[in-house]
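In what follows, a structure is listed as structure tokens, so that the remarks can point back to it.
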Amino acid sequence: MDSGLSARAERVLNAETADVTQEDVANALDNQVPIMKKVLGSRHLAVFFKDVELLFEMIRDHMAKRYTRVPWHTIAAAAATLLYILNPFDLVPDFIPGLGYVDDGMVVMLAMRMVGKDLEKYKLWRQSQN
């Protein structure tokens with residue numbers, strides 16, 4: 001992983017997370033289909049399919065007040081990550097062949113590090129609901 005690009009991706013993710021609003025969270029949920037299509041359509045993102053799907057599920061359960069034991073920062077980071085994937089004009093524009101989704105993959109990987117513990121707690125909660 002290019003450390004310069006990784007550092008920039010981390011700065012962008014942190015900045016975007018700090019600015020996320022309830023409307024942004026709703027926007028991420030409203031765009032689940034195009035985001036998931038983009039994830040499945042890229043070899044750089046497809047490896048994160050289950051993680052991205054879980055982010056959507058956690059946000060949806062949080063917004064429906066079924067799962068409220070998650071900090072706002074985690075929800076904001078998840079929404080920022082999903083909206084980053086949706087944006088074709090991010091650090092490396094998506095239309096650049098071979099490179100366009102590399103930064104998206106980095107952002108997802110960074111987000112998984114950021115919210116990983118809360119995502120694990122969410123998974124345990126979901127299992128307890130079945």
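Identifiers in the structure tokens: chain A, B, ... in order shown; residue index from 1 per chain; ligand index from 1 in order shown.
By chain and then residue number, the residues within 6 Å of Leu83 in chain A are A:Ala28, A:Ala80, A:Leu86, counting only C-alpha atoms and disregarding those fewer than 3 positions away in sequence.
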Could those residues be written to a file, using N, CA and C atoms, as a CSV table (one decimal), in the first residue's frame?
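Below you can see again07.csv, which holds the result:
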```csv
chain,number,residue,atom,x,y,z
A,28,ALA,N,-26.4,7.8,2.7
A,28,ALA,CA,-25.6,6.5,2.6
A,28,ALA,C,-26.6,5.4,2.5
A,80,ALA,N,-19.4,7.9,6.3
A,80,ALA,CA,-18.4,8.6,5.5
A,80,ALA,C,-17.7,7.6,4.6
A,86,LEU,N,-19.1,5.8,-2.9
A,86,LEU,CA,-20.0,6.3,-3.9
A,86,LEU,C,-19.5,7.5,-4.8
```
Review point. Skipping near chain neighbours, those fewer than 5 positions away, what residues fall within 10 Å of range 124-127 of chain A using only C-alpha atoms, listed as number ranges by chain?
Key: A: 57-58, 61, 67, 69, 118-119
Go ahead and write the residues just picked, C-alpha atoms, as a compact mmCIF listing (two decimals), in the first residue's frame.
```
# COMPACT_ATOMS: atom_id res chain seq x y z
CA GLU A 57 -26.77 -3.32 8.56
CA MET A 58 -25.27 -1.68 11.64
CA ASP A 61 -30.22 -1.05 13.01
CA TYR A 67 -29.08 -1.22 18.19
CA ARG A 69 -24.89 0.75 21.85
CA ASP A 118 -17.72 -1.69 17.51
CA LEU A 119 -18.50 -3.82 14.45
```
Revision key, fill the gap. Using only C-alpha atoms, the best pick from A:Phe89, A:Tyr122, A:Tyr101, A:Tyr84 as closest to Thr17 in chain A would be A:Tyr84
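Using only C-alpha atoms, the shortest contact distance between Arg113 in chain A and any of A:Asp94, A:Glu10, A:Arg60, A:Leu45 is found at A:Glu10.
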Please provide as a short mmCIF file (atom, residue, chain, number, x, y, z; two decimals) with C-alpha atoms, in the first residue's frame all residues within 9 Å of Val107 in chain A, with the sequence filter that same-chain residues fewer than 6 positions apart are discarded (counting only C-alpha atoms).
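The result, stored in out_24.cif:
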```cif
data_model
loop_
_atom_site.label_atom_id
_atom_site.label_comp_id
_atom_site.auth_asym_id
_atom_site.auth_seq_id
_atom_site.Cartn_x
_atom_site.Cartn_y
_atom_site.Cartn_z
CA SER A 6 -2.75 5.81 2.69
CA ALA A 9 -6.91 8.59 2.63
CA GLU A 10 -6.76 8.53 6.44
CA VAL A 12 -9.83 12.44 4.25
CA LEU A 13 -11.70 9.74 6.19
CA THR A 81 -16.80 5.38 4.21
CA TYR A 84 -16.59 7.89 -0.13
CA ILE A 85 -17.12 4.70 -2.11
#
```
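Atom to atom, CA of Leu55 in chain A and CA of Ala78 in chain A stand 6.0 Å apart.
Across A:Ala77, A:Ile35, A:Lys123, A:Val70, the tightest approach to Ala18 in chain A is made by A:Ala77 when counting only C-alpha atoms.
Minimum distance to Met109 in chain A across A:Met36, A:Ile75, A:Val47, A:Ala26 (counting only C-alpha atoms) occurs at A:Val47.
Using only C-alpha atoms, the shortest contact distance between His73 in chain A and any of A:Ser3, A:Gln22, A:Ser42, A:Asn87 is found at A:Gln22.
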Exercise for review: With a distance cut-off of 7 Å and only C-alpha atoms, select the neighbouring residues of Val25 in chain A, excluding the residue or stretch itself and same-chain residues fewer than 4 positions from it, and output the selection as a ChimeraX atom specification.
Suggested key: /A:21,29,79
I need the chosen residues saved as a PDB file, in the first residue's frame, with C-alpha atoms.
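Printed below is again17.pdb as written:
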```
ATOM      1  CA  THR A  21     -24.716  14.596   9.673  1.00  0.00           C
ATOM      2  CA  LEU A  29     -28.562   4.215   3.337  1.00  0.00           C
ATOM      3  CA  ALA A  79     -21.428   6.570   6.644  1.00  0.00           C
TER       4      ALA A  79
END
```
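The space separating CA of Ala46 in chain A from CA of Ala111 in chain A comes to 15.4 Å.
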**Study point:** Two-atom distance - CA of Asn31 in chain A, CA of Ser128 in chain A (Å)
**Key:** 28.3 Å
Check your understanding: Looking only at the backbone, which of the residues in chain A does DSSP tag as alpha helix (DSSP H), as a ChimeraX atom specification?
Key -> /A:3-19,22-30,32-40,43-46,49-63,72-86,102-129
Could you name the residues that touch Gly4 in chain A at 12 Å or less, counting only C-alpha atoms, but leaving out those on the same chain fewer than 6 positions away, as a PDB file with N, CA and C atoms, in the first residue's frame?
```pdb
ATOM      1  N   GLU A  10      -6.425   8.458   5.010  1.00  0.00           N
ATOM      2  CA  GLU A  10      -6.760   8.526   6.437  1.00  0.00           C
ATOM      3  C   GLU A  10      -7.188   9.944   6.831  1.00  0.00           C
ATOM      4  N   ARG A  11      -6.481  10.954   6.330  1.00  0.00           N
ATOM      5  CA  ARG A  11      -6.862  12.347   6.624  1.00  0.00           C
ATOM      6  C   ARG A  11      -8.252  12.660   6.080  1.00  0.00           C
ATOM      7  N   LEU A  91      -9.937  10.925  -3.920  1.00  0.00           N
ATOM      8  CA  LEU A  91      -8.481  11.102  -4.030  1.00  0.00           C
ATOM      9  C   LEU A  91      -7.936  10.625  -5.369  1.00  0.00           C
ATOM     10  N   ASP A 103      -7.864   3.740  -3.806  1.00  0.00           N
ATOM     11  CA  ASP A 103      -8.073   4.592  -2.641  1.00  0.00           C
ATOM     12  C   ASP A 103      -9.362   4.221  -1.909  1.00  0.00           C
ATOM     13  N   MET A 106      -8.542   1.422   0.259  1.00  0.00           N
ATOM     14  CA  MET A 106      -7.781   1.894   1.427  1.00  0.00           C
ATOM     15  C   MET A 106      -8.700   2.503   2.471  1.00  0.00           C
TER      16      MET A 106
END
```
